[in-house]
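Report on one structure; see the data block that follows.
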Amino acid sequence: MNDFGQMFLQVFLPNLAYQLPVLIVLIVGLIFAIIRWKKHPRTSLLTLIAIVIILIVTILGVISNSFLPQILYTSNIDYSTIGIIFSVTSVLFNIMTAVSWVLLLIALFGKRKEKAPVVEP
């Protein structure tokens, strides 16, 4: 087996498995947002966007944690540059996560259309 295949089995799959509980919750959240779309379209849209961002960050995080160290180590880049690369990726992931939280908070606490009052005869 080549180095990539070995890294995939020994590093990537276990890292992905560690994230399975989060991935399952996110997928369930996507399903709920789709189911509730007709009743609350704006809230569902914001929730869908936020969850997709979190899914992307989670999967990119697993990929970067699995492969980036080996790629950087074998490319003979000096340690200060490696530190900068890890810092930049961390900041980008954190910004994306913060954006998704903002969207979720807007979905949760944003203004909703008020229901028409029920008139009893």
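Labeling convention for the structure tokens: chains A, B, ... as they appear, residues from 1 per chain, ligands from 1 in order of appearance.
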
Any chance you could tabulate, as a tab-separated table, the residues of stretch 89-121 of chain A at most 10 Å from stretch 58-78 of chain A with each one's nearest atom pair and distance in Å to one decimal, using only C-alpha atoms, in chain and rising number order?
residue	atom	partner	partner_atom	distance
A:Thr89	CA	A:Ser64	CA	8.5
A:Ser90	CA	A:Gly61	CA	8.8
A:Phe93	CA	A:Gly61	CA	7.7
A:Thr97	CA	A:Thr58	CA	9.3

So that I can see what lies close to A:Ile34, please list as a tab-separated table (two decimals) with C-alpha atoms, in the first residue's frame the residues with an atom at most 9 Å from it, counting only C-alpha atoms and leaving out residues fewer than 5 positions away in the same chain.
chain	number	residue	atom	x	y	z
A	29	GLY	CA	-30.20	19.26	11.76
A	41	PRO	CA	-38.52	29.30	5.42
A	44	SER	CA	-34.70	27.02	7.84
A	45	LEU	CA	-32.57	28.77	5.23
A	48	LEU	CA	-29.21	25.18	6.46

Which residue is closest to A:Ile54? Choose from A:Val25, A:Gly83, A:Tyr18, A:Gly5 and count only C-alpha atoms.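 Checking each candidate against A:Ile54, we get A:Val25 as the closest.
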
Provide the atom CA of A:Thr47 to atom CA of A:Leu30 distance in Å, to one decimal place. 7.8 Å

Determine which residues of chain A DSSP labels as helix (DSSP H, G or I) from the backbone of this structure, then write them out as an MDAnalysis selection string. chainID A and resid 3:18 20:35 41:74 79:109

Residues of the last selection are to be written out with C-alpha atoms, as a compact mmCIF listing (two decimals), in the first residue's frame.
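Contents of the output file out-v9.txt:
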# COMPACT_ATOMS: atom_id res chain seq x y z
CA ASP A 3 1.89 6.23 1.70
CA PHE A 4 -1.38 7.99 0.88
CA GLY A 5 -3.41 4.80 1.33
CA GLN A 6 -1.68 4.06 4.60
CA MET A 7 -2.23 7.63 5.85
CA PHE A 8 -5.86 7.44 4.76
CA LEU A 9 -6.46 4.26 6.76
CA GLN A 10 -4.34 5.08 9.80
CA VAL A 11 -4.96 8.82 10.16
CA PHE A 12 -7.90 10.13 8.13
CA LEU A 13 -10.51 7.48 8.93
CA PRO A 14 -9.88 7.55 12.70
CA ASN A 15 -9.98 11.37 12.66
CA LEU A 16 -13.25 11.21 10.73
CA ALA A 17 -14.62 8.64 13.19
CA TYR A 18 -13.89 11.03 16.10
CA LEU A 20 -19.02 11.13 13.72
CA PRO A 21 -21.23 12.29 16.63
CA VAL A 22 -21.00 15.89 15.40
CA LEU A 23 -21.55 14.87 11.78
CA ILE A 24 -24.64 12.85 12.74
CA VAL A 25 -26.12 15.79 14.67
CA LEU A 26 -25.43 18.12 11.74
CA ILE A 27 -27.09 15.76 9.26
CA VAL A 28 -30.13 15.45 11.55
CA GLY A 29 -30.20 19.26 11.76
CA LEU A 30 -30.17 19.49 7.97
CA ILE A 31 -33.08 17.07 7.78
CA PHE A 32 -35.10 19.04 10.36
CA ALA A 33 -34.40 22.31 8.57
CA ILE A 34 -35.62 20.83 5.29
CA ILE A 35 -38.72 19.34 6.92
CA PRO A 41 -38.52 29.30 5.42
CA ARG A 42 -36.21 32.09 6.64
CA THR A 43 -35.22 30.23 9.80
CA SER A 44 -34.70 27.02 7.84
CA LEU A 45 -32.57 28.77 5.23
CA LEU A 46 -30.31 30.37 7.83
CA THR A 47 -30.05 27.06 9.66
CA LEU A 48 -29.21 25.18 6.46
CA ILE A 49 -26.49 27.65 5.53
CA ALA A 50 -25.01 27.54 9.04
CA ILE A 51 -25.03 23.74 9.18
CA VAL A 52 -23.46 23.44 5.72
CA ILE A 53 -20.69 25.82 6.83
CA ILE A 54 -20.11 23.76 9.98
CA LEU A 55 -20.04 20.56 7.91
CA ILE A 56 -17.48 22.09 5.56
CA VAL A 57 -15.33 23.29 8.47
CA THR A 58 -15.54 19.91 10.17
CA ILE A 59 -14.58 17.95 7.06
CA LEU A 60 -11.84 20.41 6.08
CA GLY A 61 -10.56 20.24 9.66
CA VAL A 62 -10.33 16.46 9.48
CA ILE A 63 -8.58 16.67 6.12
CA SER A 64 -6.13 19.33 7.28
CA ASN A 65 -5.41 17.56 10.58
CA SER A 66 -4.87 14.28 8.74
CA PHE A 67 -2.77 15.32 5.79
CA LEU A 68 -1.35 18.82 6.29
CA PRO A 69 1.27 17.85 8.91
CA GLN A 70 2.70 15.13 6.67
CA ILE A 71 2.62 17.31 3.56
CA LEU A 72 4.40 20.15 5.33
CA TYR A 73 6.91 17.84 7.00
CA THR A 74 7.92 16.20 3.72
CA TYR A 79 9.05 25.51 11.28
CA SER A 80 8.11 29.19 11.42
CA THR A 81 6.35 28.91 8.06
CA ILE A 82 4.58 25.75 9.20
CA GLY A 83 3.42 27.66 12.28
CA ILE A 84 2.07 30.46 10.10
CA ILE A 85 0.24 27.97 7.86
CA PHE A 86 -1.40 26.29 10.86
CA SER A 87 -2.29 29.67 12.37
CA VAL A 88 -3.89 30.89 9.14
CA THR A 89 -5.92 27.70 8.69
CA SER A 90 -7.02 27.87 12.31
CA VAL A 91 -8.12 31.49 11.99
CA LEU A 92 -10.02 30.74 8.76
CA PHE A 93 -11.81 27.79 10.37
CA ASN A 94 -12.67 29.91 13.41
CA ILE A 95 -14.04 32.73 11.24
CA MET A 96 -16.19 30.26 9.32
CA THR A 97 -17.44 28.74 12.57
CA ALA A 98 -18.23 32.19 13.98
CA VAL A 99 -20.21 33.07 10.84
CA SER A 100 -22.22 29.87 11.20
CA TRP A 101 -22.96 30.69 14.85
CA VAL A 102 -24.12 34.17 13.89
CA LEU A 103 -26.48 32.65 11.34
CA LEU A 104 -27.81 30.17 13.89
CA LEU A 105 -28.37 32.92 16.46
CA ILE A 106 -30.20 35.03 13.90
CA ALA A 107 -32.33 32.00 13.03
CA LEU A 108 -33.07 31.40 16.70
CA PHE A 109 -33.71 34.92 17.90
